[in-house]
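Asks: For reference, the structure I am asking about is given below.
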Amino acid sequence: MAARTNQADTSAKFSSAQQSQGLQRSFVSFRIQQEAFALPLERVERALRMVAPVHLPEAPSWVLGVINMHGQVLPVLDLGQRFGLEAKEPHPDQRLLVMSQEPRNVALLVDKVERVLSAREDRLEPPSGHLAESRVLAGVLNNNDELVLVLNPDRLAPLDWEKHEELFKAMEQEAALREELEQPR
């Protein structure tokens, strides 16, 4: 019984210590043209090497096209263009961050994926000044004297995917058929 009470006391102390320090959050940090950005780790599924996307008709210029990842068609978004930076040709050294989003996951083109950052939630400052007007910015994190802009994943791709859904499904069916035909018999 004493062991149980001790364990409960330790849990309560740990819980109140966590509350006083703020909850720990993890972010995937990456670069776009030397600028530091981050996304919540729980929304990033994986990082991929850059592959050439298939052009997507009638999409904004910052939607480079789509890729096929294991039978799932993912739109590829150029975050640099999305943020108003100069457009540049995709390069094999760049990476694609696969981000979970409803109704469809997306691949985000970034220059470099750096690391997973852990920070207490109270270190994430809300955007202020002219940054407060940004719809895509969730906050600013001071990481070793470098400001990291933390993005709101729900606001990065405010597109009407419905008009492209038929194309996505046809591409997924084609990929599944191709995979089936490539299976050894």
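Letters A, B, ... mark the chains of the structure tokens in the order given; residue numbers begin at 1 per chain; ligand numbers begin at 1, in order shown.
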Name the residues in contact with Ala157 (chain A) at a cut-off of 9 Å, using only C-alpha atoms, excluding same-chain residues fewer than 3 positions from it; report them as a count of residues only.

Replies: 6

Asks: List the spatial neighbours of region 93-100 of chain A as a PyMOL selection string - criterion: any atom at most 8 Å away, only C-alpha atoms, same-chain residues fewer than 5 positions off excluded.

Replies: chain A and resi 43-50+76+105-113+153

Asks: List every residue of region 61-88 of chain A that has an atom at most 12 Å from any atom of region 26-39 of chain A, giving for each one its closest atom pair and the distance in Å to one decimal, counting only C-alpha atoms, sorted by chain and then by ascending residue number, as a tab-separated table.

Replies:
residue	atom	partner	partner_atom	distance
A:Asp78	CA	A:Ile32	CA	9.7
A:Leu79	CA	A:Ile32	CA	7.6
A:Gly80	CA	A:Ile32	CA	6.3
A:Gln81	CA	A:Ile32	CA	10.0
A:Arg82	CA	A:Ile32	CA	11.1
A:Phe83	CA	A:Ile32	CA	9.9
A:Gly84	CA	A:Ile32	CA	11.6
A:Leu85	CA	A:Gln33	CA	8.5
A:Glu86	CA	A:Gln33	CA	9.5
A:Ala87	CA	A:Gln33	CA	10.7
A:Lys88	CA	A:Gln33	CA	10.3

Asks: Dump C-alpha atoms for the selected residues as a CSV table (one decimal), in the first residue's frame?

Replies:
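File written: again-v3.csv
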chain,number,residue,atom,x,y,z
A,78,ASP,CA,6.4,24.6,-52.8
A,79,LEU,CA,6.4,26.4,-49.5
A,80,GLY,CA,8.9,29.0,-50.7
A,81,GLN,CA,6.5,30.1,-53.4
A,82,ARG,CA,3.6,29.8,-51.0
A,83,PHE,CA,5.3,32.3,-48.8
A,84,GLY,CA,6.1,34.7,-51.6
A,85,LEU,CA,9.7,33.8,-52.1
A,86,GLU,CA,11.3,33.6,-55.6
A,87,ALA,CA,10.3,30.5,-57.5
A,88,LYS,CA,13.2,28.1,-58.2

Asks: Would you mind telling me which residue in A:Glu121, A:Asp145, A:Glu172, A:Glu102 lies nearest to Pro40 (chain A) when using only C-alpha atoms?

Replies: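 Using only C-alpha atoms, Pro40 (chain A) sits closest to A:Glu121.
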
Asks: Between A:Ala52, A:Ser128, A:Arg123, A:Gln72, which is the closest to Pro92 (chain A) once you count only C-alpha atoms?

Replies: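 Selected residue with least distance to Pro92 (chain A): A:Ala52.
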
Asks: Between CA of Leu23 (chain A) and CA of Ala119 (chain A), measure the distance and give it in Å to one decimal.

Replies: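 We find that CA of Leu23 (chain A) and CA of Ala119 (chain A) lie 8.3 Å from each other.
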
Asks: Please report the interatomic distance between CA of Leu181 (chain A) and CA of Asn68 (chain A) in Å with one decimal.

Replies: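 These atoms are spaced 16.5 Å apart.
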
Asks: Neighbours of Leu56 (chain A) within 8 Å (only C-alpha atoms; same-chain residues fewer than 6 positions away dropped), as a ChimeraX atom specification?

Replies: /A:63-66

Asks: Keeping only N, CA and C atoms, write the selected residues to a file as a CSV table (one decimal), in the first residue's frame.

Replies:
chain,number,residue,atom,x,y,z
A,63,VAL,N,1.6,25.0,-56.2
A,63,VAL,CA,1.4,23.5,-56.2
A,63,VAL,C,2.1,23.0,-57.4
A,64,LEU,N,3.2,22.3,-57.1
A,64,LEU,CA,4.1,21.8,-58.2
A,64,LEU,C,3.5,20.7,-59.0
A,65,GLY,N,2.6,19.9,-58.4
A,65,GLY,CA,2.0,18.8,-59.0
A,65,GLY,C,1.7,17.7,-58.0
A,66,VAL,N,1.8,16.5,-58.4
A,66,VAL,CA,1.5,15.4,-57.5
A,66,VAL,C,2.5,14.3,-57.6

Asks: Between A:Leu41, A:Val54, A:Val73, A:Ala59, single out the one closest to Ser118 (chain A), counting only C-alpha atoms.

Replies: A:Leu41

Asks: Write out as a PyMOL selection string the set of residues from region 39-126 of chain A that DSSP, computed on the backbone, places in strand (DSSP E).

Replies: chain A and resi 39-40+44-49+63-69+72-78+95-99+106-110+112-120+124-125

Asks: Find, counting only C-alpha atoms, the residue in A:Ser61, A:Val116, A:Gln24, A:Val51 that gets nearest to Pro90 (chain A).

Replies: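 So, comparing all the options, the nearest one is A:Val51.
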
Asks: Would you work out the distance separating CA of Leu151 (chain A) from CA of Arg135 (chain A), expressed in Å to one decimal?

Replies: 9.1 Å
